[in-house]
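**Q** Provided herewith: coords_33.txt, compact mmCIF, C-alpha atoms.
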```
# COMPACT_ATOMS: atom_id res chain seq x y z
CA MET G 1 -9.38 5.73 95.55
CA TYR G 2 -6.77 4.40 97.97
CA ARG G 3 -4.92 1.15 97.29
CA ALA G 4 -4.56 -1.63 99.87
CA SER G 5 -2.43 -4.75 99.90
CA PHE G 6 -2.36 -7.65 102.35
CA TYR G 7 0.22 -10.24 103.41
CA THR G 8 -0.69 -13.25 105.53
CA LEU G 9 1.69 -15.45 107.51
CA GLY G 10 0.71 -18.61 109.31
CA CYS G 11 -2.49 -20.57 109.54
CA ARG G 12 -5.71 -20.87 107.55
CA LEU G 13 -7.52 -18.86 110.22
CA ASN G 14 -5.17 -15.95 109.56
CA GLN G 15 -5.96 -16.26 105.84
CA THR G 16 -9.64 -16.18 106.68
CA GLU G 17 -9.32 -13.04 108.78
CA THR G 18 -7.21 -11.30 106.13
CA ALA G 19 -9.98 -11.98 103.60
CA VAL G 20 -12.53 -10.35 105.91
CA LEU G 21 -10.24 -7.34 106.45
CA ALA G 22 -9.83 -7.01 102.68
CA GLY G 23 -13.61 -6.99 102.37
CA ALA G 24 -13.87 -4.27 105.02
CA PHE G 25 -11.45 -2.00 103.16
CA LYS G 26 -13.20 -2.69 99.86
CA ALA G 27 -16.43 -1.52 101.50
CA LYS G 28 -14.60 1.71 102.44
CA GLY G 29 -13.73 2.31 98.78
CA TYR G 30 -10.23 0.86 98.63
CA SER G 31 -8.96 -1.14 95.67
CA THR G 32 -6.83 -4.21 96.34
CA VAL G 33 -3.42 -4.54 94.70
CA GLU G 34 -0.99 -7.46 94.69
CA TRP G 35 1.56 -7.58 97.48
CA GLY G 36 4.78 -5.89 96.36
CA GLU G 37 3.03 -3.39 94.08
CA PRO G 38 2.89 0.31 95.06
CA THR G 39 0.22 0.78 97.69
CA ASP G 40 -1.22 3.35 100.10
CA LEU G 41 -2.03 0.84 102.85
CA ALA G 42 -0.14 -2.37 103.67
CA VAL G 43 -1.52 -4.84 106.20
CA VAL G 44 0.74 -7.62 107.52
CA ASN G 45 -1.19 -10.34 109.36
CA THR G 46 1.44 -12.08 111.46
CA CYS G 47 2.09 -15.46 113.06
CA SER G 48 3.78 -16.26 116.36
CA VAL G 49 3.72 -20.05 116.50
CA THR G 50 7.54 -20.30 116.30
CA GLU G 51 10.52 -17.99 116.79
CA HIS G 52 11.34 -18.55 113.10
CA GLY G 53 7.84 -17.39 112.19
CA GLU G 54 8.30 -14.18 114.16
CA ALA G 55 11.62 -13.50 112.40
CA ARG G 56 9.91 -13.97 109.05
CA CYS G 57 7.23 -11.47 110.11
CA ARG G 58 9.90 -8.85 110.80
CA ASN G 59 11.51 -9.50 107.41
CA VAL G 60 8.19 -9.06 105.60
CA ILE G 61 7.55 -5.77 107.42
CA ARG G 62 10.98 -4.42 106.47
CA GLN G 63 10.47 -5.48 102.85
CA VAL G 64 7.24 -3.53 102.48
CA LEU G 65 8.81 -0.49 104.15
CA ARG G 66 11.55 -0.57 101.51
CA ARG G 67 9.21 -1.14 98.56
CA SER G 68 6.48 1.32 99.59
CA PRO G 69 8.12 3.78 101.99
CA GLN G 70 5.08 6.10 101.91
CA ALA G 71 2.54 3.35 102.65
CA PHE G 72 0.61 3.31 105.92
CA VAL G 73 1.83 0.03 107.43
CA VAL G 74 -0.41 -1.96 109.79
CA VAL G 75 0.92 -4.96 111.68
CA THR G 76 -1.71 -7.22 113.22
CA GLY G 77 -2.14 -10.87 114.16
CA CYS G 78 -0.58 -13.08 116.82
CA TYR G 79 2.89 -11.50 116.77
CA ALA G 80 1.31 -8.09 117.30
CA GLN G 81 -0.24 -9.51 120.48
CA VAL G 82 2.92 -10.98 122.04
CA GLY G 83 5.72 -9.05 120.27
CA LEU G 84 4.57 -5.48 120.80
CA GLU G 85 7.92 -4.05 121.93
CA ALA G 86 9.86 -5.73 119.11
CA LEU G 87 7.44 -4.26 116.57
CA ARG G 88 7.64 -0.79 118.15
CA SER G 89 11.37 -0.82 117.42
CA ILE G 90 10.89 -1.13 113.63
CA PRO G 91 10.92 2.41 112.17
CA GLY G 92 8.11 3.07 109.72
CA VAL G 93 5.36 0.92 111.26
CA ASP G 94 2.27 3.12 111.62
CA MET G 95 -0.18 0.91 113.52
CA ILE G 96 0.20 -2.17 115.72
CA VAL G 97 -3.05 -4.03 116.33
CA GLY G 98 -3.40 -6.79 118.93
CA THR G 99 -5.96 -9.59 118.94
CA GLU G 100 -8.72 -7.67 120.72
CA TYR G 101 -8.85 -5.03 117.96
CA LYS G 102 -7.82 -7.13 114.96
CA MET G 103 -11.18 -7.15 113.20
CA LYS G 104 -12.09 -3.60 114.28
CA PHE G 105 -9.18 -1.46 113.10
CA PRO G 106 -10.45 -0.70 109.55
CA ALA G 107 -12.98 1.63 111.17
CA PHE G 108 -10.11 3.69 112.64
CA ILE G 109 -8.39 4.42 109.30
CA ASP G 110 -9.82 7.14 107.08
CA ARG G 111 -6.78 8.60 105.32
CA PRO G 112 -3.67 6.36 105.24
CA ARG G 113 -0.80 8.77 105.93
CA LYS G 114 2.59 8.14 107.53
CA LEU G 115 2.84 8.86 111.26
CA PRO G 116 5.84 9.89 113.35
CA ASP G 117 5.04 7.19 115.94
CA PRO G 118 2.88 4.07 115.67
CA VAL G 119 -0.70 3.98 116.89
CA VAL G 120 -1.03 1.01 119.24
CA LEU G 121 -4.36 -0.80 119.61
CA HIS G 122 -3.53 -3.47 122.14
CA SER G 123 -4.87 -5.10 125.27
CA GLN G 124 -3.56 -7.96 127.38
CA LEU G 125 -7.19 -8.92 127.97
CA ILE G 126 -8.99 -10.63 125.08
CA ASP G 127 -12.77 -10.76 125.18
CA ASP G 128 -13.99 -14.35 125.60
CA ALA G 129 -17.63 -13.68 124.68
CA ASP G 130 -19.23 -15.23 121.61
CA PHE G 131 -18.88 -12.96 118.61
CA GLU G 132 -19.98 -11.88 115.15
CA VAL G 133 -17.81 -11.01 112.16
CA GLU G 134 -18.65 -7.82 110.34
CA GLY G 135 -18.73 -8.17 106.56
CA THR G 136 -17.78 -11.04 104.29
CA GLY G 137 -14.41 -12.41 103.20
CA GLU G 138 -12.95 -11.41 99.84
CA TYR G 139 -11.41 -14.46 98.15
CA THR G 140 -9.72 -14.90 94.79
CA THR G 141 -9.70 -18.67 95.34
CA THR G 142 -12.58 -20.94 94.34
CA ARG G 143 -12.95 -22.35 97.86
CA ALA G 144 -13.71 -19.89 100.67
CA ASN G 145 -12.86 -20.14 104.35
CA LEU G 146 -15.52 -19.56 106.98
CA LYS G 147 -14.44 -18.66 110.52
CA VAL G 148 -16.66 -20.27 113.15
CA GLN G 149 -14.58 -20.20 116.34
CA ASP G 150 -11.51 -18.61 117.96
CA GLY G 151 -9.27 -19.18 120.97
CA CYS G 152 -8.35 -22.35 122.86
CA ASP G 153 -8.59 -23.66 126.43
CA PHE G 154 -6.49 -26.81 125.91
CA PHE G 155 -3.06 -25.30 126.73
CA CYS G 156 -0.85 -27.88 125.00
CA SER G 157 2.63 -27.39 126.41
CA PHE G 158 4.21 -26.50 123.04
CA CYS G 159 1.55 -23.98 121.96
CA ILE G 160 1.45 -20.19 122.34
CA ILE G 161 -2.04 -19.77 120.81
CA PRO G 162 -4.01 -19.46 124.10
CA PHE G 163 -1.84 -16.41 124.86
CA THR G 164 -2.03 -14.87 121.37
CA ARG G 165 -5.72 -15.53 120.65
CA GLY G 166 -7.25 -15.92 124.07
CA ARG G 167 -9.81 -18.33 125.47
CA GLU G 168 -12.41 -20.29 123.54
CA ARG G 169 -15.31 -18.41 122.01
CA SER G 170 -17.72 -19.18 119.20
CA ARG G 171 -19.35 -17.19 116.44
CA HIS G 172 -23.12 -16.78 116.58
CA LEU G 173 -24.74 -19.36 114.32
CA SER G 174 -26.95 -16.81 112.59
CA ASP G 175 -23.86 -14.79 111.63
CA VAL G 176 -22.06 -17.89 110.30
CA LEU G 177 -25.05 -18.69 108.13
CA ARG G 178 -25.28 -15.08 106.95
CA GLU G 179 -21.72 -15.06 105.67
CA ALA G 180 -22.10 -18.55 104.20
CA ARG G 181 -25.06 -17.41 102.12
CA GLU G 182 -23.16 -14.35 100.93
CA LEU G 183 -20.10 -16.40 99.96
CA VAL G 184 -22.25 -18.85 98.01
CA ALA G 185 -24.01 -15.94 96.27
CA ARG G 186 -20.56 -14.78 95.11
CA GLY G 187 -20.00 -18.14 93.44
CA HIS G 188 -18.10 -20.18 96.04
CA ARG G 189 -19.20 -23.80 95.91
CA GLU G 190 -17.09 -25.11 98.81
CA LEU G 191 -16.70 -23.60 102.27
CA VAL G 192 -13.87 -24.62 104.60
CA LEU G 193 -14.72 -24.29 108.30
CA THR G 194 -11.89 -22.68 110.25
CA GLY G 195 -11.02 -21.79 113.82
CA VAL G 196 -8.48 -22.65 116.49
CA ASN G 197 -10.42 -25.52 118.08
CA ILE G 198 -13.54 -25.84 115.95
CA GLY G 199 -14.85 -29.02 117.54
CA ARG G 200 -15.47 -26.98 120.71
CA TYR G 201 -17.98 -24.76 118.88
CA ARG G 202 -20.91 -23.92 121.12
CA SER G 203 -23.40 -21.11 120.53
CA ASP G 204 -26.77 -20.74 122.24
CA GLY G 205 -26.82 -24.45 123.06
CA ARG G 206 -25.86 -25.52 119.52
CA SER G 207 -22.84 -27.74 118.89
CA PHE G 208 -20.45 -28.05 115.97
CA PHE G 209 -22.64 -30.83 114.59
CA ASP G 210 -25.63 -28.46 114.72
CA LEU G 211 -23.56 -25.87 112.85
CA VAL G 212 -22.77 -28.36 110.08
CA ARG G 213 -26.43 -29.30 109.71
CA GLY G 214 -27.37 -25.62 109.52
CA LEU G 215 -24.86 -25.03 106.74
CA GLU G 216 -26.24 -27.98 104.79
CA GLU G 217 -29.46 -26.00 104.43
CA VAL G 218 -27.71 -23.16 102.56
CA GLU G 219 -29.05 -23.26 99.03
CA GLY G 220 -26.41 -23.55 96.33
CA LEU G 221 -23.63 -24.74 98.65
CA ARG G 222 -22.15 -27.96 97.27
CA ARG G 223 -19.40 -28.81 99.76
CA ILE G 224 -18.64 -28.25 103.43
CA ARG G 225 -15.10 -29.15 104.47
CA ILE G 226 -13.96 -29.50 108.07
CA THR G 227 -10.43 -28.25 108.59
CA SER G 228 -8.12 -29.43 111.40
CA ILE G 229 -10.16 -30.70 114.35
CA GLU G 230 -9.06 -32.16 117.68
CA PRO G 231 -9.83 -35.91 118.03
CA THR G 232 -11.44 -35.59 121.46
CA THR G 233 -13.95 -33.00 120.21
CA ILE G 234 -15.58 -34.99 117.39
CA GLU G 235 -19.09 -36.21 118.18
CA PRO G 236 -19.77 -39.82 117.05
CA ALA G 237 -23.02 -38.55 115.53
CA LEU G 238 -20.97 -36.29 113.23
CA VAL G 239 -19.06 -39.32 111.91
CA ASP G 240 -22.29 -41.17 111.16
CA HIS G 241 -23.77 -38.09 109.55
CA MET G 242 -20.72 -37.64 107.31
CA ALA G 243 -21.23 -41.12 105.89
CA GLY G 244 -24.62 -40.21 104.42
CA SER G 245 -24.29 -36.47 103.81
CA GLU G 246 -24.38 -35.10 100.26
CA LYS G 247 -22.54 -31.91 101.24
CA LEU G 248 -20.18 -32.71 104.11
CA CYS G 249 -16.85 -33.80 102.63
CA HIS G 250 -15.66 -37.30 103.51
CA TYR G 251 -12.54 -35.95 105.13
CA PHE G 252 -11.00 -35.43 108.57
CA HIS G 253 -7.69 -33.78 109.44
CA VAL G 254 -7.08 -34.94 113.01
CA PRO G 255 -3.77 -33.94 114.67
CA ILE G 256 -1.95 -36.70 116.54
CA GLN G 257 1.35 -34.83 117.28
CA SER G 258 3.13 -38.00 118.49
CA GLY G 259 2.70 -41.76 118.46
CA ASP G 260 4.20 -42.21 121.92
CA ASP G 261 2.13 -41.91 125.10
CA SER G 262 4.93 -40.42 127.21
CA VAL G 263 5.50 -37.68 124.63
CA LEU G 264 1.75 -37.03 124.40
CA GLN G 265 1.68 -36.65 128.17
CA GLY G 266 4.54 -34.14 128.04
CA MET G 267 2.65 -32.25 125.36
CA ASN G 268 -0.46 -32.15 127.60
CA ARG G 269 -2.55 -33.80 124.88
CA ARG G 270 -5.95 -35.12 125.95
CA TYR G 271 -5.82 -38.65 124.52
CA ARG G 272 -3.54 -41.66 124.30
CA VAL G 273 -2.35 -43.56 121.24
CA GLU G 274 -4.90 -46.36 121.47
CA GLU G 275 -7.78 -43.90 121.77
CA TYR G 276 -6.56 -42.13 118.63
CA ARG G 277 -6.19 -45.44 116.78
CA ASP G 278 -9.68 -46.53 117.83
CA PHE G 279 -11.16 -43.28 116.55
CA LEU G 280 -9.55 -43.60 113.10
CA GLU G 281 -10.67 -47.19 112.80
CA LEU G 282 -14.22 -46.11 113.66
CA VAL G 283 -14.14 -43.47 110.91
CA ILE G 284 -12.76 -45.93 108.34
CA ARG G 285 -15.54 -48.42 109.15
CA ARG G 286 -18.35 -45.89 108.93
CA VAL G 287 -17.38 -43.38 106.22
CA PRO G 288 -16.85 -44.70 102.68
CA ASP G 289 -13.68 -43.48 100.87
CA VAL G 290 -12.79 -41.14 103.72
CA GLY G 291 -9.57 -39.14 103.50
CA LEU G 292 -7.59 -38.86 106.74
CA GLY G 293 -4.74 -36.46 107.45
CA THR G 294 -2.83 -35.52 110.57
CA ASP G 295 -0.21 -33.20 112.08
CA LEU G 296 2.76 -34.29 114.13
CA ILE G 297 5.65 -32.62 115.90
CA VAL G 298 9.06 -34.25 115.60
CA GLY G 299 11.73 -33.76 118.24
CA PHE G 300 9.62 -32.68 121.20
CA PRO G 301 11.88 -32.40 124.30
CA GLY G 302 12.55 -35.85 125.71
CA GLU G 303 11.56 -37.73 122.52
CA THR G 304 13.88 -40.78 122.71
CA GLU G 305 14.86 -43.03 119.81
CA GLU G 306 12.35 -45.58 121.13
CA ALA G 307 9.57 -42.97 121.29
CA PHE G 308 10.29 -41.85 117.74
CA ALA G 309 10.36 -45.47 116.53
CA ARG G 310 6.91 -46.03 118.07
CA THR G 311 5.63 -42.94 116.25
CA GLU G 312 7.09 -44.11 112.94
CA ARG G 313 5.59 -47.60 113.27
CA LEU G 314 2.20 -46.18 114.23
CA LEU G 315 2.12 -43.86 111.22
CA GLN G 316 2.98 -46.76 108.95
CA ASP G 317 0.05 -48.75 110.34
CA LEU G 318 -2.64 -46.08 110.60
CA PRO G 319 -5.04 -45.57 107.63
CA LEU G 320 -3.77 -42.03 106.99
CA SER G 321 -3.54 -40.55 103.49
CA TYR G 322 -0.91 -37.94 104.41
CA PHE G 323 0.54 -36.01 107.33
CA HIS G 324 2.09 -32.60 107.96
CA VAL G 325 5.44 -32.87 109.73
CA PHE G 326 6.56 -30.00 111.95
CA SER G 327 10.08 -29.93 113.38
CA TYR G 328 9.96 -28.85 117.00
CA SER G 329 11.59 -25.54 117.81
CA LYS G 330 11.65 -23.93 121.23
CA ARG G 331 8.89 -21.33 121.62
CA TYR G 332 9.58 -19.06 124.58
CA GLY G 333 6.49 -18.47 126.65
CA THR G 334 5.39 -22.12 126.50
CA ARG G 335 5.91 -24.78 129.16
CA ALA G 336 7.79 -27.02 126.72
CA ALA G 337 10.51 -24.37 126.35
CA ARG G 338 11.41 -24.88 130.01
CA ILE G 339 12.08 -28.62 129.59
CA GLU G 340 15.80 -29.27 129.81
CA ASP G 341 15.98 -32.33 127.53
CA GLN G 342 16.00 -30.42 124.20
CA LEU G 343 17.07 -32.47 121.16
CA HIS G 344 19.91 -31.56 118.79
CA PRO G 345 18.63 -29.85 115.61
CA GLU G 346 20.32 -32.44 113.36
CA VAL G 347 18.48 -35.26 115.13
CA ILE G 348 15.18 -33.45 114.62
CA LYS G 349 16.02 -32.74 110.97
CA GLU G 350 16.77 -36.41 110.21
CA ARG G 351 13.64 -37.69 111.96
CA SER G 352 11.52 -35.14 110.12
CA ARG G 353 13.03 -36.19 106.79
CA ARG G 354 12.08 -39.83 107.43
CA LEU G 355 8.50 -39.01 108.29
CA ARG G 356 8.06 -36.68 105.32
CA ALA G 357 9.25 -39.48 103.05
CA LEU G 358 6.71 -41.80 104.69
CA SER G 359 3.98 -39.22 104.14
CA ARG G 360 4.81 -39.07 100.42
CA ARG G 361 4.49 -42.86 100.21
CA LYS G 362 1.18 -42.72 102.07
CA ARG G 363 -0.16 -40.01 99.76
CA ARG G 364 0.81 -42.01 96.68
CA ALA G 365 -0.73 -45.21 98.06
CA PHE G 366 -3.99 -43.35 98.80
CA ALA G 367 -4.11 -41.96 95.25
CA SER G 368 -3.36 -45.38 93.77
CA ARG G 369 -6.60 -46.73 95.21
CA TYR G 370 -8.43 -44.65 92.62
CA LEU G 371 -6.63 -45.86 89.49
CA GLY G 372 -9.28 -46.63 86.89
CA ARG G 373 -12.05 -45.07 88.99
CA GLU G 374 -14.08 -41.94 88.37
CA VAL G 375 -13.97 -39.19 91.01
CA GLU G 376 -15.67 -35.80 91.23
CA VAL G 377 -13.26 -32.85 91.31
CA LEU G 378 -13.84 -29.19 92.13
CA PHE G 379 -11.29 -27.48 89.89
CA GLU G 380 -9.38 -24.48 91.20
CA GLN G 381 -6.66 -23.27 88.86
CA GLN G 382 -4.62 -23.86 85.70
CA ASP G 383 -0.84 -23.71 85.56
CA ALA G 384 1.39 -22.49 82.74
CA SER G 385 1.54 -25.96 81.17
CA GLY G 386 -2.24 -26.12 80.82
CA LEU G 387 -2.78 -28.49 83.76
CA TRP G 388 -5.99 -27.90 85.69
CA THR G 389 -5.94 -29.02 89.32
CA GLY G 390 -8.55 -29.40 92.01
CA LEU G 391 -9.70 -31.54 94.92
CA THR G 392 -12.06 -34.41 95.48
CA ASP G 393 -14.24 -34.28 98.55
CA ASN G 394 -11.80 -36.62 100.37
CA TYR G 395 -8.86 -34.30 99.68
CA LEU G 396 -7.23 -36.08 96.76
CA ARG G 397 -5.55 -33.54 94.49
CA VAL G 398 -6.27 -34.30 90.84
CA GLY G 399 -4.85 -32.86 87.63
CA VAL G 400 -6.15 -32.96 84.04
CA VAL G 401 -5.07 -31.29 80.82
CA SER G 402 -7.99 -29.55 79.15
CA SER G 403 -8.53 -26.66 76.75
CA ARG G 404 -11.98 -26.21 78.29
CA PRO G 405 -12.17 -23.67 81.17
CA LEU G 406 -12.66 -25.64 84.38
CA ARG G 407 -12.23 -23.07 87.15
CA ASN G 408 -14.87 -23.49 89.87
CA THR G 409 -16.57 -26.36 88.06
CA LEU G 410 -17.36 -29.82 89.42
CA ALA G 411 -16.50 -32.51 86.92
CA GLY G 412 -15.94 -36.26 86.80
CA VAL G 413 -12.37 -37.42 86.20
CA VAL G 414 -11.13 -40.94 85.46
CA ILE G 415 -7.80 -41.49 87.22
CA ASN G 416 -5.09 -43.14 85.09
CA GLU G 417 -1.80 -42.14 86.78
CA VAL G 418 -0.45 -41.16 90.19
CA THR G 419 2.59 -39.18 91.31
CA ASP G 420 3.95 -38.24 94.74
CA GLU G 421 1.95 -35.00 94.60
CA MET G 422 -1.38 -35.86 92.94
CA ALA G 423 -3.47 -38.17 90.79
CA MET G 424 -3.70 -37.54 87.05
CA GLY G 425 -6.61 -38.33 84.80
CA VAL G 426 -8.93 -37.35 81.97
CA LEU G 427 -12.35 -35.81 82.10
CA ALA G 428 -14.96 -38.54 82.28
CA ALA G 429 -16.71 -37.31 79.13
CA ALA G 430 -13.43 -37.54 77.18
CA ALA G 431 -12.65 -40.95 78.64
CA ALA G 432 -16.01 -42.27 77.47
CA ALA G 433 -15.63 -40.89 73.94
```
Here is a file; write its structure as structure tokens.

**A**
Amino acid sequence: MYRASFYTLGCRLNQTETAVLAGAFKAKGYSTVEWGEPTDLAVVNTCSVTEHGEARCRNVIRQVLRRSPQAFVVVTGCYAQVGLEALRSIPGVDMIVGTEYKMKFPAFIDRPRKLPDPVVLHSQLIDDADFEVEGTGEYTTTRANLKVQDGCDFFCSFCIIPFTRGRERSRHLSDVLREARELVARGHRELVLTGVNIGRYRSDGRSFFDLVRGLEEVEGLRRIRITSIEPTTIEPALVDHMAGSEKLCHYFHVPIQSGDDSVLQGMNRRYRVEEYRDFLELVIRRVPDVGLGTDLIVGFPGETEEAFARTERLLQDLPLSYFHVFSYSKRYGTRAARIEDQLHPEVIKERSRRLRALSRRKRRAFASRYLGREVEVLFEQQDASGLWTGLTDNYLRVGVVSSRPLRNTLAGVVINEVTDEMAMGVLAAAAAA
């Protein structure tokens, strides 16, 4: 039996695809070992969103070549699509797999043996037809990701993804439901819908809303969580449906990227600040106890002090429970990299620090709303101190101390304390005793 190990850099979609690749090699008879342990096959699923991310990819590849010099090393993912020549120059890489062949290459490997020169499976053209995913993801986590869409047609000026993943395409609904049923049969109680631009899902006349309703019919599935989704792609009917659904989590992660209209225009975003504000206020009115998160980029070229101040004020005012702050870095190959008015790194660093501090305050304020209240938590893991942690449906992380095994169980928790990172509580049965 051959051993295989996997390393994923970048986004949740990459994690999802790695899980499917792991399942494909398991079906071929491979056993999976932890990254860093001796292995016969090492797969590095790379990211190319930033130059720093690409450098990290190269470091990971060199590390595995040192630790397992006899392993058959496969490099795939976004960096394999746009960084082919850089990867060719790393001695010891045996296979470089671009986007077009990413989910197909397990079929080409029978005996993992070192090669004198790398096999290259690469095409500049990426098929834009709707697709199916062979097999089912292998997850060690309680929640499982479910890929429903790939590619993007929006071409934001800071983003390389349309060039690394291609144009928009959707997964056939029947295939999504097939994998969902198999994941639930393996014990997963929550599925997280992933893709590049999932709100643009369209398959045989069915929309993303239709996809959600189809998943709600999967027997045994308790939660459906929507991952990051573009604000202009969310159907109003989906918001109304969320309010009354027993399975669709009361949660949206809706990227804003900037709170200044001139910056949004430079980013080639498809909305303006007031439209974004109106959407969040609509969600707050219609969906009880909804959790709202966002992404933003700090230091986009031309972001003035006034533009940043508008962003900071907006984030203070909006009903967000947290946000992910990304410091802008020039990504060659994007239109934004050609803008001359690039900000000094120290300015970007200080602005990012301020917004991360604001996010921590927002997260704590959101958690504080639940002091004394009972919430339902899907528990995921226990740390060395005995603390079990998990998530509510509106993305509040909750911790309890319990000697009872809680992994993959849904349980009521009464919240009695909050920190910057999570809410703390006791199991509802213990609180009532």

**Q** Go through G:Ala428, G:Asp260, G:Gly266, G:Asp289 one by one, measure the shortest atom-to-atom distance of each to Asp341 of chain G using only C-alpha atoms, and give the residue with the smallest value.

**A**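 The closest residue to Asp341 of chain G is G:Gly266.
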
**Q** When distances are computed from all atoms listed in the file, which of G:Ser228, G:Gln382, G:Thr46, G:Thr419 shows the smallest separation from Ser368 of chain G?

**A**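 Ranking G:Ser228, G:Gln382, G:Thr46, G:Thr419 by distance to Ser368 of chain G, first place goes to G:Thr419.
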
**Q** Please determine the residues with any atom at most 12 Å from (-1.0, -34.5, 116.9) (coordinates as given in the file, with all atoms listed in the file counting) and report them as a PDB file with C-alpha atoms, keeping the file's coordinate frame.

**A**
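Done, and the output landed in selection11.pdb:
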```
ATOM      1  CA  CYS G 156      -0.850 -27.880 125.000  1.00  0.00           C
ATOM      2  CA  PHE G 158       4.210 -26.500 123.040  1.00  0.00           C
ATOM      3  CA  CYS G 159       1.550 -23.980 121.960  1.00  0.00           C
ATOM      4  CA  SER G 228      -8.120 -29.430 111.400  1.00  0.00           C
ATOM      5  CA  ILE G 229     -10.160 -30.700 114.350  1.00  0.00           C
ATOM      6  CA  GLU G 230      -9.060 -32.160 117.680  1.00  0.00           C
ATOM      7  CA  PRO G 231      -9.830 -35.910 118.030  1.00  0.00           C
ATOM      8  CA  THR G 232     -11.440 -35.590 121.460  1.00  0.00           C
ATOM      9  CA  HIS G 253      -7.690 -33.780 109.440  1.00  0.00           C
ATOM     10  CA  VAL G 254      -7.080 -34.940 113.010  1.00  0.00           C
ATOM     11  CA  PRO G 255      -3.770 -33.940 114.670  1.00  0.00           C
ATOM     12  CA  ILE G 256      -1.950 -36.700 116.540  1.00  0.00           C
ATOM     13  CA  GLN G 257       1.350 -34.830 117.280  1.00  0.00           C
ATOM     14  CA  SER G 258       3.130 -38.000 118.490  1.00  0.00           C
ATOM     15  CA  GLY G 259       2.700 -41.760 118.460  1.00  0.00           C
ATOM     16  CA  ASP G 260       4.200 -42.210 121.920  1.00  0.00           C
ATOM     17  CA  ASP G 261       2.130 -41.910 125.100  1.00  0.00           C
ATOM     18  CA  VAL G 263       5.500 -37.680 124.630  1.00  0.00           C
ATOM     19  CA  LEU G 264       1.750 -37.030 124.400  1.00  0.00           C
ATOM     20  CA  GLN G 265       1.680 -36.650 128.170  1.00  0.00           C
ATOM     21  CA  MET G 267       2.650 -32.250 125.360  1.00  0.00           C
ATOM     22  CA  ASN G 268      -0.460 -32.150 127.600  1.00  0.00           C
ATOM     23  CA  ARG G 269      -2.550 -33.800 124.880  1.00  0.00           C
ATOM     24  CA  ARG G 270      -5.950 -35.120 125.950  1.00  0.00           C
ATOM     25  CA  TYR G 271      -5.820 -38.650 124.520  1.00  0.00           C
ATOM     26  CA  ARG G 272      -3.540 -41.660 124.300  1.00  0.00           C
ATOM     27  CA  VAL G 273      -2.350 -43.560 121.240  1.00  0.00           C
ATOM     28  CA  TYR G 276      -6.560 -42.130 118.630  1.00  0.00           C
ATOM     29  CA  GLY G 293      -4.740 -36.460 107.450  1.00  0.00           C
ATOM     30  CA  THR G 294      -2.830 -35.520 110.570  1.00  0.00           C
ATOM     31  CA  ASP G 295      -0.210 -33.200 112.080  1.00  0.00           C
ATOM     32  CA  LEU G 296       2.760 -34.290 114.130  1.00  0.00           C
ATOM     33  CA  ILE G 297       5.650 -32.620 115.900  1.00  0.00           C
ATOM     34  CA  VAL G 298       9.060 -34.250 115.600  1.00  0.00           C
ATOM     35  CA  PHE G 300       9.620 -32.680 121.200  1.00  0.00           C
ATOM     36  CA  THR G 311       5.630 -42.940 116.250  1.00  0.00           C
ATOM     37  CA  LEU G 315       2.120 -43.860 111.220  1.00  0.00           C
ATOM     38  CA  PHE G 323       0.540 -36.010 107.330  1.00  0.00           C
ATOM     39  CA  HIS G 324       2.090 -32.600 107.960  1.00  0.00           C
ATOM     40  CA  VAL G 325       5.440 -32.870 109.730  1.00  0.00           C
ATOM     41  CA  PHE G 326       6.560 -30.000 111.950  1.00  0.00           C
TER      42      PHE G 326
END
```

**Q** For a quick check of your reading of the model, name the residues lying within 10 Å of the coordinate (-16.8, -5.8, 104.9), counting only C-alpha atoms, and write them as a short mmCIF file (atom, residue, chain, number, x, y, z; two decimals) with C-alpha atoms, in the coordinates of the input.

**A**
```
data_model
loop_
_atom_site.label_atom_id
_atom_site.label_comp_id
_atom_site.auth_asym_id
_atom_site.auth_seq_id
_atom_site.Cartn_x
_atom_site.Cartn_y
_atom_site.Cartn_z
CA ALA G 19 -9.98 -11.98 103.60
CA VAL G 20 -12.53 -10.35 105.91
CA LEU G 21 -10.24 -7.34 106.45
CA ALA G 22 -9.83 -7.01 102.68
CA GLY G 23 -13.61 -6.99 102.37
CA ALA G 24 -13.87 -4.27 105.02
CA PHE G 25 -11.45 -2.00 103.16
CA LYS G 26 -13.20 -2.69 99.86
CA ALA G 27 -16.43 -1.52 101.50
CA LYS G 28 -14.60 1.71 102.44
CA PRO G 106 -10.45 -0.70 109.55
CA VAL G 133 -17.81 -11.01 112.16
CA GLU G 134 -18.65 -7.82 110.34
CA GLY G 135 -18.73 -8.17 106.56
CA THR G 136 -17.78 -11.04 104.29
CA GLY G 137 -14.41 -12.41 103.20
CA GLU G 138 -12.95 -11.41 99.84
#
```

**Q** List the spatial neighbours of segment 168-176 of chain G as a list in words - criterion: any atom at most 7 Å away, all atoms listed in the file, same-chain residues fewer than 5 positions off excluded.

**A**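 Near segment 168-176 of chain G, the qualifying residues are Asp128, Ala129, Asp130, Phe131, Glu132, Val148, Gln149, Asp150, Gly151, Cys152, Asp153, Tyr201, Arg202, Ser203 and Leu211 of chain G.
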
**Q** What lies within 9 Å of segment 359-366 of chain G using only C-alpha atoms, ignoring chain neighbours under 3 positions off, as an NGL selection string?

**A** :G and (291 or 315-316 or 319-325 or 354-356 or 369-370 or 396 or 418-423)

**Q** Name the residues in contact with Leu193 of chain G at a cut-off of 10 Å, using only C-alpha atoms, excluding same-chain residues fewer than 6 positions from it; report them as a ChimeraX atom specification.

**A** /G:12-13,16,144-149,176,212,224-229

**Q** If we count all atoms listed in the file, what is near Ala429 of chain G at a cut-off of 12 Å, once residues fewer than 6 positions away on the same chain are taken out, given as an mmCIF file with C-alpha atoms, in the coordinates of the input?

**A**
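Writing the result to result-v8.cif gives the following:
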```
data_model
loop_
_atom_site.group_PDB
_atom_site.id
_atom_site.type_symbol
_atom_site.label_atom_id
_atom_site.label_comp_id
_atom_site.auth_asym_id
_atom_site.auth_seq_id
_atom_site.Cartn_x
_atom_site.Cartn_y
_atom_site.Cartn_z
ATOM 1 C CA GLU G 374 -14.080 -41.940 88.370
ATOM 2 C CA SER G 402 -7.990 -29.550 79.150
ATOM 3 C CA ALA G 411 -16.500 -32.510 86.920
ATOM 4 C CA GLY G 412 -15.940 -36.260 86.800
ATOM 5 C CA VAL G 413 -12.370 -37.420 86.200
ATOM 6 C CA VAL G 414 -11.130 -40.940 85.460
#
```
